2 protein chains.
Amino acid sequence: MGRIKTENNSTRKEIIVEKAANLFKEKGFKAASMRDLAELVGVEAASLYNHIKSKSELLHVICLDVANRFTNKIDEIEAEEIPAKEKIEILLRFHIREMLNHYEDVIVSDREWKHLSEPYLSNFRHQRKTYRKRFAAIIEEGIKKKEMKKIDASTAVLIMLHAVSGIESFHRSKQKISGKELEENMVTILINGLAK
Amino acid sequence: MGRIKTENNSTRKEIIVEKAANLFKEKGFKAASMRDLAELVGVEAASLYNHIKSKSELLHVICLDVANRFTNKIDEIEAEEIPAKEKIEILLRFHIREMLNHYEDVIVSDREWKHLSEPYLSNFRHQRKTYRKRFAAIIEEGIKKKEMKKIDASTAVLIMLHAVSGIESFHRSKQKISGKELEENMVTILINGLAK
DNA sequence: TTGCATTCCTAACGTTTGTTAGTTACATTC
DNA sequence: GAATGTAACTAACAAACGTTAGGAATGCAA
């Protein structure tokens, strides 16, 4: 069998991780076997272990990467001096775009993180919890400054994060509307509501 | 080992299905083993097969049950002669309550249906698709009658369904707010929006 | 062309998996 | 109390799993 093709100055490990995200998204982490992955990469299962340490390493690379992207973004947003309402919209749009662009990693991270092994599991849990708290804090700031309705901030976070994860179905559908339209629709509904 | 206790005139099979939903929710369908389930039930793994045909039967019983509950509800709502906006609110509240009351089945159905085997997989897919279309049709009716904003109906469905599934996190948290409060918050945000 | 490191292969390992066969214990009915 | 069906057990199966060992092929530098 041929070697793994390395284009665009990406390492073989990166290629394997990419394919793994694809596979995990499709079948779920537990249901995806290393032999499945090997076939996708174009190599025998055992050969993968020249590039990675274990199956669980693949998952934790994916999850950590996604978690860091969101943490970095909220770092950036918190630093800006703009109204809370704008911060929320920016963050929401970031979530939507992440889901539109590299949704495979995001979905896997969202749905399969429970299968992380320690200490990555605890780390991830903590990072996730912290992120949500910071998100909620921004909303609470908006409520305090009368920019938004008096609602439970953590419920609002819950709704937004999970609403965005619904974009997966959008990917599977025949994409009647464009990504840009989807983004505008989601922002409108979540910020301004469904009712007229 | 003792027998499976059958209280409340429920069959042993029903007890197994209930525990299975619990286990599948916790570990995921693939990661949950029949030996795990047996331990939860208080019996040896092989003994389960006196009551069920297979592991996959457990999943399809759970998924079919959930799917039917929602289909029945939308049948009922479509028949009523009330404004579309009200229909949507009723349906949304039904989703929230299902998630609050027997959320284990709903989560498993939502998250693990991909592991159904044929022909149940195709059936489920179809039922799910049809449900969403009917939901979207109600929203479109509301848009036509100027009860709601001009937004993409299927995006709105996406948001609502997935937002509701976020209630799982609520269950895991220390439940700072009550179920009733959560419901009101969710309805407010989704129908009227976050912004003031 | 030789030498060396990388990358792949085949073969196999020890577990865990869902499930079946065959048997024993319990509970209910006559 | 004997008979009968239900529900549990033990033992074991074949298949699939993640992973390792050891050797062959490849690509690169000298």
# chains A, B, ... in the order shown; residues from 1 in each chain; ligands from 1
call {"tool": "residues_around", "arguments": {"residues": "range 11-17 of chain C", "least_positions_apart": "2", "cutoff": "8 Å", "atoms": "only C-alpha atoms (C1' of nucleotides)", "output": "ChimeraX atom specification"}}
result
/B:33 /D:16-17,20
call {"tool": "write_last_selection", "arguments": {"atoms": "C-alpha atoms (C1' of nucleotides)", "output": "PDB file, in the first residue's frame"}}
result
ATOM      1  CA  SER B  33     -22.173  -2.846  27.274  1.00  0.00           C
TER       2      SER B  33
ATOM      3  C1'  DA D  16     -14.258  -7.054  16.688  1.00  0.00           C
ATOM      4  C1'  DC D  17     -11.530  -4.160  19.260  1.00  0.00           C
ATOM      5  C1'  DT D  20       2.486  -4.237  19.926  1.00  0.00           C
TER       6       DT D  20
END
call {"tool": "calpha_fit_and_write", "arguments": {"fixed": "chain A", "moving": "chain B", "output": "PDB file with C-alpha atoms, in the first residue's frame"}}
result
ATOM      1  CA  MET B   1      -0.056   0.096  -0.070  1.00  0.00           C
ATOM      2  CA  GLY B   2       1.145   3.611  -0.770  1.00  0.00           C
ATOM      3  CA  ARG B   3       2.214   6.155   1.756  1.00  0.00           C
ATOM      4  CA  ILE B   4       0.056   8.848   3.240  1.00  0.00           C
ATOM      5  CA  LYS B   5       0.205  11.809   0.907  1.00  0.00           C
ATOM      6  CA  THR B   6       1.397  14.955   2.604  1.00  0.00           C
ATOM      7  CA  GLU B   7       0.305  18.009   0.718  1.00  0.00           C
ATOM      8  CA  ASN B   8       0.264  21.652   1.822  1.00  0.00           C
ATOM      9  CA  ASN B   9       3.165  21.161   4.239  1.00  0.00           C
ATOM     10  CA  SER B  10       0.899  19.364   6.695  1.00  0.00           C
ATOM     11  CA  THR B  11       2.320  16.482   8.687  1.00  0.00           C
ATOM     12  CA  ARG B  12       0.999  12.941   8.429  1.00  0.00           C
ATOM     13  CA  LYS B  13      -0.310  13.207  11.942  1.00  0.00           C
ATOM     14  CA  GLU B  14      -2.391  16.216  10.990  1.00  0.00           C
ATOM     15  CA  ILE B  15      -3.891  14.311   8.104  1.00  0.00           C
ATOM     16  CA  ILE B  16      -4.807  11.427  10.388  1.00  0.00           C
ATOM     17  CA  VAL B  17      -6.403  13.784  12.905  1.00  0.00           C
ATOM     18  CA  GLU B  18      -8.402  15.420  10.151  1.00  0.00           C
ATOM     19  CA  LYS B  19      -9.701  12.117   8.839  1.00  0.00           C
ATOM     20  CA  ALA B  20     -10.402  11.017  12.384  1.00  0.00           C
ATOM     21  CA  ALA B  21     -12.583  14.060  12.995  1.00  0.00           C
ATOM     22  CA  ASN B  22     -14.461  13.179   9.862  1.00  0.00           C
ATOM     23  CA  LEU B  23     -14.945   9.586  10.959  1.00  0.00           C
ATOM     24  CA  PHE B  24     -15.826  10.389  14.571  1.00  0.00           C
ATOM     25  CA  LYS B  25     -18.403  12.871  13.402  1.00  0.00           C
ATOM     26  CA  GLU B  26     -19.986  10.270  11.144  1.00  0.00           C
ATOM     27  CA  LYS B  27     -20.013   7.209  13.388  1.00  0.00           C
ATOM     28  CA  GLY B  28     -19.253   8.534  16.841  1.00  0.00           C
ATOM     29  CA  PHE B  29     -15.982   7.994  18.706  1.00  0.00           C
ATOM     30  CA  LYS B  30     -16.752   4.582  20.138  1.00  0.00           C
ATOM     31  CA  ALA B  31     -18.264   3.152  16.992  1.00  0.00           C
ATOM     32  CA  ALA B  32     -15.359   4.320  14.851  1.00  0.00           C
ATOM     33  CA  SER B  33     -12.617   1.708  14.742  1.00  0.00           C
ATOM     34  CA  MET B  34      -8.961   2.220  14.021  1.00  0.00           C
ATOM     35  CA  ARG B  35      -9.387  -0.086  11.048  1.00  0.00           C
ATOM     36  CA  ASP B  36     -12.095   2.211   9.696  1.00  0.00           C
ATOM     37  CA  LEU B  37      -9.765   5.144  10.120  1.00  0.00           C
ATOM     38  CA  ALA B  38      -6.889   3.292   8.491  1.00  0.00           C
ATOM     39  CA  GLU B  39      -8.987   2.574   5.442  1.00  0.00           C
ATOM     40  CA  LEU B  40      -9.959   6.223   5.218  1.00  0.00           C
ATOM     41  CA  VAL B  41      -6.325   7.233   5.403  1.00  0.00           C
ATOM     42  CA  GLY B  42      -5.315   4.525   2.920  1.00  0.00           C
ATOM     43  CA  VAL B  43      -3.066   2.466   5.137  1.00  0.00           C
ATOM     44  CA  GLU B  44      -3.109  -0.525   7.491  1.00  0.00           C
ATOM     45  CA  ALA B  45      -4.387   0.034  11.031  1.00  0.00           C
ATOM     46  CA  ALA B  46      -1.073  -0.735  12.671  1.00  0.00           C
ATOM     47  CA  SER B  47       0.674   1.854  10.533  1.00  0.00           C
ATOM     48  CA  LEU B  48      -1.257   4.649  12.168  1.00  0.00           C
ATOM     49  CA  TYR B  49       0.718   4.028  15.330  1.00  0.00           C
ATOM     50  CA  ASN B  50       3.868   5.345  13.707  1.00  0.00           C
ATOM     51  CA  HIS B  51       2.253   8.768  13.934  1.00  0.00           C
ATOM     52  CA  ILE B  52      -0.068   8.738  16.911  1.00  0.00           C
ATOM     53  CA  LYS B  53       0.102   7.290  20.400  1.00  0.00           C
ATOM     54  CA  SER B  54      -3.454   6.030  20.710  1.00  0.00           C
ATOM     55  CA  LYS B  55      -7.034   6.391  19.568  1.00  0.00           C
ATOM     56  CA  SER B  56      -7.841   8.566  22.529  1.00  0.00           C
ATOM     57  CA  GLU B  57      -5.025  10.927  21.626  1.00  0.00           C
ATOM     58  CA  LEU B  58      -6.913  11.690  18.431  1.00  0.00           C
ATOM     59  CA  LEU B  59      -9.998  12.705  20.366  1.00  0.00           C
ATOM     60  CA  HIS B  60      -8.167  14.868  22.810  1.00  0.00           C
ATOM     61  CA  VAL B  61      -6.232  16.667  20.083  1.00  0.00           C
ATOM     62  CA  ILE B  62      -9.526  17.508  18.393  1.00  0.00           C
ATOM     63  CA  CYS B  63     -11.302  18.591  21.562  1.00  0.00           C
ATOM     64  CA  LEU B  64      -8.413  20.641  22.906  1.00  0.00           C
ATOM     65  CA  ASP B  65      -8.050  22.462  19.621  1.00  0.00           C
ATOM     66  CA  VAL B  66     -11.710  23.428  19.481  1.00  0.00           C
ATOM     67  CA  ALA B  67     -11.826  24.445  23.123  1.00  0.00           C
ATOM     68  CA  ASN B  68      -8.794  26.668  22.654  1.00  0.00           C
ATOM     69  CA  ARG B  69     -10.286  28.412  19.651  1.00  0.00           C
ATOM     70  CA  PHE B  70     -13.335  29.434  21.641  1.00  0.00           C
ATOM     71  CA  THR B  71     -11.337  30.397  24.700  1.00  0.00           C
ATOM     72  CA  ASN B  72      -9.089  32.597  22.603  1.00  0.00           C
ATOM     73  CA  LYS B  73     -12.075  34.270  21.030  1.00  0.00           C
ATOM     74  CA  ILE B  74     -13.745  35.094  24.306  1.00  0.00           C
ATOM     75  CA  ASP B  75     -10.441  36.432  25.632  1.00  0.00           C
ATOM     76  CA  GLU B  76     -10.342  38.773  22.669  1.00  0.00           C
ATOM     77  CA  ILE B  77     -13.967  39.864  22.988  1.00  0.00           C
ATOM     78  CA  GLU B  78     -13.836  40.498  26.717  1.00  0.00           C
ATOM     79  CA  ALA B  79     -10.941  42.871  26.157  1.00  0.00           C
ATOM     80  CA  GLU B  80     -12.886  45.059  23.751  1.00  0.00           C
ATOM     81  CA  GLU B  81     -14.779  48.046  25.051  1.00  0.00           C
ATOM     82  CA  ILE B  82     -18.128  47.749  23.351  1.00  0.00           C
ATOM     83  CA  PRO B  83     -21.690  47.207  24.587  1.00  0.00           C
ATOM     84  CA  ALA B  84     -22.456  43.757  25.938  1.00  0.00           C
ATOM     85  CA  LYS B  85     -25.100  43.275  23.299  1.00  0.00           C
ATOM     86  CA  GLU B  86     -22.495  43.643  20.591  1.00  0.00           C
ATOM     87  CA  LYS B  87     -20.148  41.274  22.357  1.00  0.00           C
ATOM     88  CA  ILE B  88     -22.833  38.642  22.415  1.00  0.00           C
ATOM     89  CA  GLU B  89     -23.600  39.086  18.762  1.00  0.00           C
ATOM     90  CA  ILE B  90     -19.930  38.805  17.841  1.00  0.00           C
ATOM     91  CA  LEU B  91     -19.562  35.660  19.922  1.00  0.00           C
ATOM     92  CA  LEU B  92     -22.718  34.181  18.484  1.00  0.00           C
ATOM     93  CA  ARG B  93     -21.554  34.885  14.959  1.00  0.00           C
ATOM     94  CA  PHE B  94     -18.200  33.320  15.759  1.00  0.00           C
ATOM     95  CA  HIS B  95     -19.932  30.157  16.910  1.00  0.00           C
ATOM     96  CA  ILE B  96     -22.002  30.047  13.769  1.00  0.00           C
ATOM     97  CA  ARG B  97     -19.001  30.530  11.495  1.00  0.00           C
ATOM     98  CA  GLU B  98     -16.947  27.928  13.293  1.00  0.00           C
ATOM     99  CA  MET B  99     -19.839  25.568  12.748  1.00  0.00           C
ATOM    100  CA  LEU B 100     -20.094  26.520   9.088  1.00  0.00           C
ATOM    101  CA  ASN B 101     -16.393  26.296   8.326  1.00  0.00           C
ATOM    102  CA  HIS B 102     -14.789  23.491  10.297  1.00  0.00           C
ATOM    103  CA  TYR B 103     -17.900  21.963  11.731  1.00  0.00           C
ATOM    104  CA  GLU B 104     -16.500  18.450  11.935  1.00  0.00           C
ATOM    105  CA  ASP B 105     -14.107  19.205  14.782  1.00  0.00           C
ATOM    106  CA  VAL B 106     -16.684  21.320  16.559  1.00  0.00           C
ATOM    107  CA  ILE B 107     -19.335  18.621  16.407  1.00  0.00           C
ATOM    108  CA  VAL B 108     -16.948  15.927  17.575  1.00  0.00           C
ATOM    109  CA  SER B 109     -15.760  18.090  20.428  1.00  0.00           C
ATOM    110  CA  ASP B 110     -19.350  18.918  21.364  1.00  0.00           C
ATOM    111  CA  ARG B 111     -20.664  15.419  21.235  1.00  0.00           C
ATOM    112  CA  GLU B 112     -17.798  13.070  22.046  1.00  0.00           C
ATOM    113  CA  TRP B 113     -15.878  14.873  24.776  1.00  0.00           C
ATOM    114  CA  LYS B 114     -17.359  12.508  27.331  1.00  0.00           C
ATOM    115  CA  HIS B 115     -15.092   9.787  25.970  1.00  0.00           C
ATOM    116  CA  LEU B 116     -11.946  11.738  26.778  1.00  0.00           C
ATOM    117  CA  SER B 117      -9.646  10.018  29.234  1.00  0.00           C
ATOM    118  CA  GLU B 118      -8.195  11.641  32.293  1.00  0.00           C
ATOM    119  CA  PRO B 119      -6.693  14.121  32.840  1.00  0.00           C
ATOM    120  CA  TYR B 120      -7.993  15.566  29.592  1.00  0.00           C
ATOM    121  CA  LEU B 121     -11.586  14.947  30.587  1.00  0.00           C
ATOM    122  CA  SER B 122     -11.326  17.032  33.745  1.00  0.00           C
ATOM    123  CA  ASN B 123      -9.454  19.741  31.900  1.00  0.00           C
ATOM    124  CA  PHE B 124     -12.041  19.908  29.170  1.00  0.00           C
ATOM    125  CA  ARG B 125     -14.914  19.964  31.632  1.00  0.00           C
ATOM    126  CA  HIS B 126     -13.316  22.830  33.472  1.00  0.00           C
ATOM    127  CA  GLN B 127     -12.585  24.819  30.350  1.00  0.00           C
ATOM    128  CA  ARG B 128     -16.122  24.315  29.125  1.00  0.00           C
ATOM    129  CA  LYS B 129     -17.631  25.354  32.420  1.00  0.00           C
ATOM    130  CA  THR B 130     -15.455  28.443  32.610  1.00  0.00           C
ATOM    131  CA  TYR B 131     -16.328  29.431  29.070  1.00  0.00           C
ATOM    132  CA  ARG B 132     -20.041  29.251  29.775  1.00  0.00           C
ATOM    133  CA  LYS B 133     -19.661  31.275  32.927  1.00  0.00           C
ATOM    134  CA  ARG B 134     -17.805  33.993  31.063  1.00  0.00           C
ATOM    135  CA  PHE B 135     -20.434  33.956  28.346  1.00  0.00           C
ATOM    136  CA  ALA B 136     -23.185  34.245  30.944  1.00  0.00           C
ATOM    137  CA  ALA B 137     -21.334  37.082  32.650  1.00  0.00           C
ATOM    138  CA  ILE B 138     -21.427  39.106  29.436  1.00  0.00           C
ATOM    139  CA  ILE B 139     -25.165  38.548  29.194  1.00  0.00           C
ATOM    140  CA  GLU B 140     -25.654  39.573  32.797  1.00  0.00           C
ATOM    141  CA  GLU B 141     -23.717  42.730  32.100  1.00  0.00           C
ATOM    142  CA  GLY B 142     -26.094  43.415  29.232  1.00  0.00           C
ATOM    143  CA  ILE B 143     -29.092  42.893  31.490  1.00  0.00           C
ATOM    144  CA  LYS B 144     -27.677  45.219  34.123  1.00  0.00           C
ATOM    145  CA  LYS B 145     -27.162  47.930  31.524  1.00  0.00           C
ATOM    146  CA  LYS B 146     -30.732  47.440  30.270  1.00  0.00           C
ATOM    147  CA  GLU B 147     -29.517  46.335  26.857  1.00  0.00           C
ATOM    148  CA  MET B 148     -31.416  43.112  27.126  1.00  0.00           C
ATOM    149  CA  LYS B 149     -34.401  41.513  28.770  1.00  0.00           C
ATOM    150  CA  LYS B 150     -34.325  40.246  32.325  1.00  0.00           C
ATOM    151  CA  ILE B 151     -33.802  36.582  31.631  1.00  0.00           C
ATOM    152  CA  ASP B 152     -31.734  33.885  33.254  1.00  0.00           C
ATOM    153  CA  ALA B 153     -28.290  34.318  31.719  1.00  0.00           C
ATOM    154  CA  SER B 154     -27.204  30.702  31.864  1.00  0.00           C
ATOM    155  CA  THR B 155     -30.412  29.626  30.151  1.00  0.00           C
ATOM    156  CA  ALA B 156     -29.645  32.084  27.390  1.00  0.00           C
ATOM    157  CA  VAL B 157     -26.143  30.646  27.010  1.00  0.00           C
ATOM    158  CA  LEU B 158     -27.602  27.164  26.894  1.00  0.00           C
ATOM    159  CA  ILE B 159     -29.981  28.108  24.140  1.00  0.00           C
ATOM    160  CA  MET B 160     -27.390  29.826  22.006  1.00  0.00           C
ATOM    161  CA  LEU B 161     -24.750  27.144  22.241  1.00  0.00           C
ATOM    162  CA  HIS B 162     -27.159  24.362  21.465  1.00  0.00           C
ATOM    163  CA  ALA B 163     -29.013  26.251  18.778  1.00  0.00           C
ATOM    164  CA  VAL B 164     -25.741  26.657  16.947  1.00  0.00           C
ATOM    165  CA  SER B 165     -24.986  22.973  17.139  1.00  0.00           C
ATOM    166  CA  GLY B 166     -28.145  22.438  15.107  1.00  0.00           C
ATOM    167  CA  ILE B 167     -26.252  23.727  12.101  1.00  0.00           C
ATOM    168  CA  GLU B 168     -25.118  20.171  11.595  1.00  0.00           C
ATOM    169  CA  SER B 169     -28.548  19.326  10.211  1.00  0.00           C
ATOM    170  CA  PHE B 170     -28.187  22.279   7.907  1.00  0.00           C
ATOM    171  CA  HIS B 171     -25.001  20.770   6.514  1.00  0.00           C
ATOM    172  CA  ARG B 172     -26.798  17.513   5.830  1.00  0.00           C
ATOM    173  CA  SER B 173     -29.777  19.156   4.160  1.00  0.00           C
ATOM    174  CA  LYS B 174     -29.655  20.316   0.602  1.00  0.00           C
ATOM    175  CA  GLN B 175     -28.656  23.755   1.815  1.00  0.00           C
ATOM    176  CA  LYS B 176     -31.589  25.652   0.484  1.00  0.00           C
ATOM    177  CA  ILE B 177     -30.211  28.852   1.965  1.00  0.00           C
ATOM    178  CA  SER B 178     -26.619  30.069   2.029  1.00  0.00           C
ATOM    179  CA  GLY B 179     -24.346  30.183   5.037  1.00  0.00           C
ATOM    180  CA  LYS B 180     -24.639  33.930   5.206  1.00  0.00           C
ATOM    181  CA  GLU B 181     -28.422  33.768   5.189  1.00  0.00           C
ATOM    182  CA  LEU B 182     -28.369  31.115   7.864  1.00  0.00           C
ATOM    183  CA  GLU B 183     -26.167  33.283  10.030  1.00  0.00           C
ATOM    184  CA  GLU B 184     -28.452  36.297   9.673  1.00  0.00           C
ATOM    185  CA  ASN B 185     -31.519  34.214  10.416  1.00  0.00           C
ATOM    186  CA  MET B 186     -30.011  32.694  13.523  1.00  0.00           C
ATOM    187  CA  VAL B 187     -28.815  36.010  14.870  1.00  0.00           C
ATOM    188  CA  THR B 188     -32.190  37.603  14.198  1.00  0.00           C
ATOM    189  CA  ILE B 189     -34.154  34.868  15.894  1.00  0.00           C
ATOM    190  CA  LEU B 190     -31.910  34.567  18.915  1.00  0.00           C
ATOM    191  CA  ILE B 191     -31.376  38.273  19.495  1.00  0.00           C
ATOM    192  CA  ASN B 192     -34.720  39.684  18.389  1.00  0.00           C
ATOM    193  CA  GLY B 193     -36.994  36.670  18.699  1.00  0.00           C
ATOM    194  CA  LEU B 194     -39.375  34.884  16.463  1.00  0.00           C
ATOM    195  CA  ALA B 195     -42.437  37.019  17.049  1.00  0.00           C
ATOM    196  CA  LYS B 196     -43.131  40.289  15.323  1.00  0.00           C
TER     197      LYS B 196
END
call {"tool": "closest_atom_pairs", "arguments": {"of": "chain C", "to": "chain B", "cutoff": "12 Å", "atoms": "only C-alpha atoms (C1' of nucleotides)", "output": "CSV"}}
result
residue,atom,partner,partner_atom,distance
C:DT16,C1',B:Ser33,CA,9.2
C:DT17,C1',B:Ser33,CA,7.5
C:DG18,C1',B:Met34,CA,7.5
C:DT19,C1',B:Ala46,CA,7.8
C:DT20,C1',B:Ala46,CA,8.9
C:DA21,C1',B:Ala46,CA,11.0
C:DA25,C1',B:Gly2,CA,10.6
C:DC26,C1',B:Arg3,CA,9.2
C:DA27,C1',B:Arg3,CA,11.3
call {"tool": "closest_residue", "arguments": {"among": "D:DG18, D:DA24, D:DT4, D:DA29", "to": "chain A", "atoms": "only C-alpha atoms (C1' of nucleotides)"}}
result
D:DG18
call {"tool": "atom_distance", "arguments": {"atom1": "C1' of DT2 in chain C", "atom2": "C1' of DC28 in chain D"}}
result
12.2 Å
